[in-house]
Amino acid sequence: MPIENSQFSWYWLAGSIIPDIDHIFVLCKYKLFSWKKLVDAEKFEDKYNIHFKTKYGHSILGATISTLPLLFINPHGALLFFLAYLLHLLLDWLDIDEKQYLFPFSKKKFRGFLPIFSILERIFTAVLFLILIYLYLIL
């Protein structure tokens, strides 16, 4: 987690997690309560016609609507939240599953190249985590 003036940022943490709230909705809607069902559905979204990254949570619209209430509480915190949300969307771009980042302005769908839960995705995540640790230690 990035820090601000040597302080942990709850805004950054929330902004990086909130986009995945749509996953909870999908889990409940399709009753994917076992780990095996969840992993299978995440890996093969097209096979089951289930999309975990909804157009409401994983879009610029979702980022904007989620950030608006924070502007009234703490404008600087809202900026951190919004940037973390956008970074989350940017990192999700690499996943092979379908996303509609420009909803409702465009129905264009984006797909990355990394299969969900693949070795390549885990290696990429580990490398990003090591870079984060390195940056955290030197800053």
# chains A, B, ... in the order shown; residues from 1 in each chain; ligands from 1
$ residues_around --residues "region 51-56 of chain A" --least-positions-apart "5" --cutoff "8 Å" --atoms "only C-alpha atoms" --output "NGL selection string"
:A and (20 or 22-23 or 26 or 42 or 45-46 or 61-62 or 97-101 or 103)
$ write_last_selection --atoms "C-alpha atoms" --output "mmCIF file, in the first residue's frame"
data_model
loop_
_atom_site.group_PDB
_atom_site.id
_atom_site.type_symbol
_atom_site.label_atom_id
_atom_site.label_comp_id
_atom_site.auth_asym_id
_atom_site.auth_seq_id
_atom_site.Cartn_x
_atom_site.Cartn_y
_atom_site.Cartn_z
ATOM 1 C CA ASP A 20 -14.399 -5.670 -6.622
ATOM 2 C CA ASP A 22 -19.404 -6.290 -7.863
ATOM 3 C CA HIS A 23 -17.841 -9.753 -7.397
ATOM 4 C CA VAL A 26 -22.167 -12.030 -8.833
ATOM 5 C CA GLU A 42 -13.721 -17.132 -12.763
ATOM 6 C CA GLU A 45 -16.555 -16.839 -17.558
ATOM 7 C CA ASP A 46 -17.530 -17.221 -21.212
ATOM 8 C CA LEU A 61 -18.639 5.653 -14.153
ATOM 9 C CA GLY A 62 -18.235 3.371 -11.126
ATOM 10 C CA ASP A 97 -12.173 -11.468 -18.863
ATOM 11 C CA GLU A 98 -14.494 -8.891 -20.364
ATOM 12 C CA LYS A 99 -14.711 -5.325 -19.026
ATOM 13 C CA GLN A 100 -16.723 -2.267 -20.094
ATOM 14 C CA TYR A 101 -14.587 0.591 -18.833
ATOM 15 C CA PHE A 103 -19.960 2.390 -19.795
#
$ closest_atom_pairs --of "region 32-79 of chain A" --to "region 84-96 of chain A" --cutoff "8 Å" --atoms "only C-alpha atoms" --output "Markdown table"
| residue | atom | partner | partner_atom | distance |
| --- | --- | --- | --- | --- |
| A:His58 | CA | A:Leu89 | CA | 6.4 |
| A:Ser59 | CA | A:Leu89 | CA | 7.4 |
| A:Ile60 | CA | A:Leu86 | CA | 7.7 |
| A:Ala63 | CA | A:Tyr85 | CA | 6.1 |
$ write_last_selection --atoms "C-alpha atoms" --output "compact mmCIF listing (two decimals), in the first residue's frame"
# COMPACT_ATOMS: atom_id res chain seq x y z
CA HIS A 58 -15.40 -1.82 -13.31
CA SER A 59 -15.87 1.40 -15.24
CA ILE A 60 -14.99 5.07 -15.13
CA ALA A 63 -15.06 5.20 -10.12
$ select_by_dssp --residues "chain A" --states "strand (DSSP E)" --output "PDB file with N, CA and C atoms, in the first residue's frame"
ATOM      1  N   ILE A   3       2.026   4.956   0.835  1.00  0.00           N
ATOM      2  CA  ILE A   3       1.859   5.764   2.034  1.00  0.00           C
ATOM      3  C   ILE A   3       1.907   7.233   1.648  1.00  0.00           C
ATOM      4  N   GLU A   4       1.341   8.047   2.496  1.00  0.00           N
ATOM      5  CA  GLU A   4       1.334   9.477   2.266  1.00  0.00           C
ATOM      6  C   GLU A   4       1.906  10.131   3.511  1.00  0.00           C
ATOM      7  N   GLN A   7       2.282   7.926   6.366  1.00  0.00           N
ATOM      8  CA  GLN A   7       1.037   7.482   6.985  1.00  0.00           C
ATOM      9  C   GLN A   7       0.294   6.537   6.037  1.00  0.00           C
ATOM     10  N   PHE A   8      -0.297   5.524   6.607  1.00  0.00           N
ATOM     11  CA  PHE A   8      -1.124   4.597   5.857  1.00  0.00           C
ATOM     12  C   PHE A   8      -2.353   5.343   5.335  1.00  0.00           C
TER      13      PHE A   8
END
$ select_by_dssp --residues "chain A" --states "helix (DSSP H, G or I)" --output "PyMOL selection string"
chain A and resi 10-29+35-43+45-48+60-73+75-92+119-138
$ residues_around --residues "Lys43 (chain A)" --least-positions-apart "6" --cutoff "10 Å" --atoms "only C-alpha atoms" --output "PyMOL selection string"
chain A and resi 37+96-97+115-118
$ atom_distance --atom1 "CA of Ala126 (chain A)" --atom2 "CA of Phe33 (chain A)"
26.6 Å
$ atom_distance --atom1 "CA of Thr125 (chain A)" --atom2 "CA of Gly57 (chain A)"
21.4 Å
$ atom_distance --atom1 "CA of Ile24 (chain A)" --atom2 "CA of Ser66 (chain A)"
16.4 Å
$ closest_residue --among "A:Ser34, A:Asn49, A:Ser16, A:Ser106" --to "Leu80 (chain A)" --atoms "only C-alpha atoms"
A:Ser16
$ closest_residue --among "A:Leu132, A:Val127, A:Ile119, A:Ala14" --to "Ala78 (chain A)" --atoms "only C-alpha atoms"
A:Ala14
$ residues_around --residues "Tyr48 (chain A)" --least-positions-apart "6" --cutoff "12 Å" --atoms "only C-alpha atoms" --output "list in words"
Tyr30, Leu32, Lys37, Leu38, Asp40, Ala41 and Glu42 of chain A
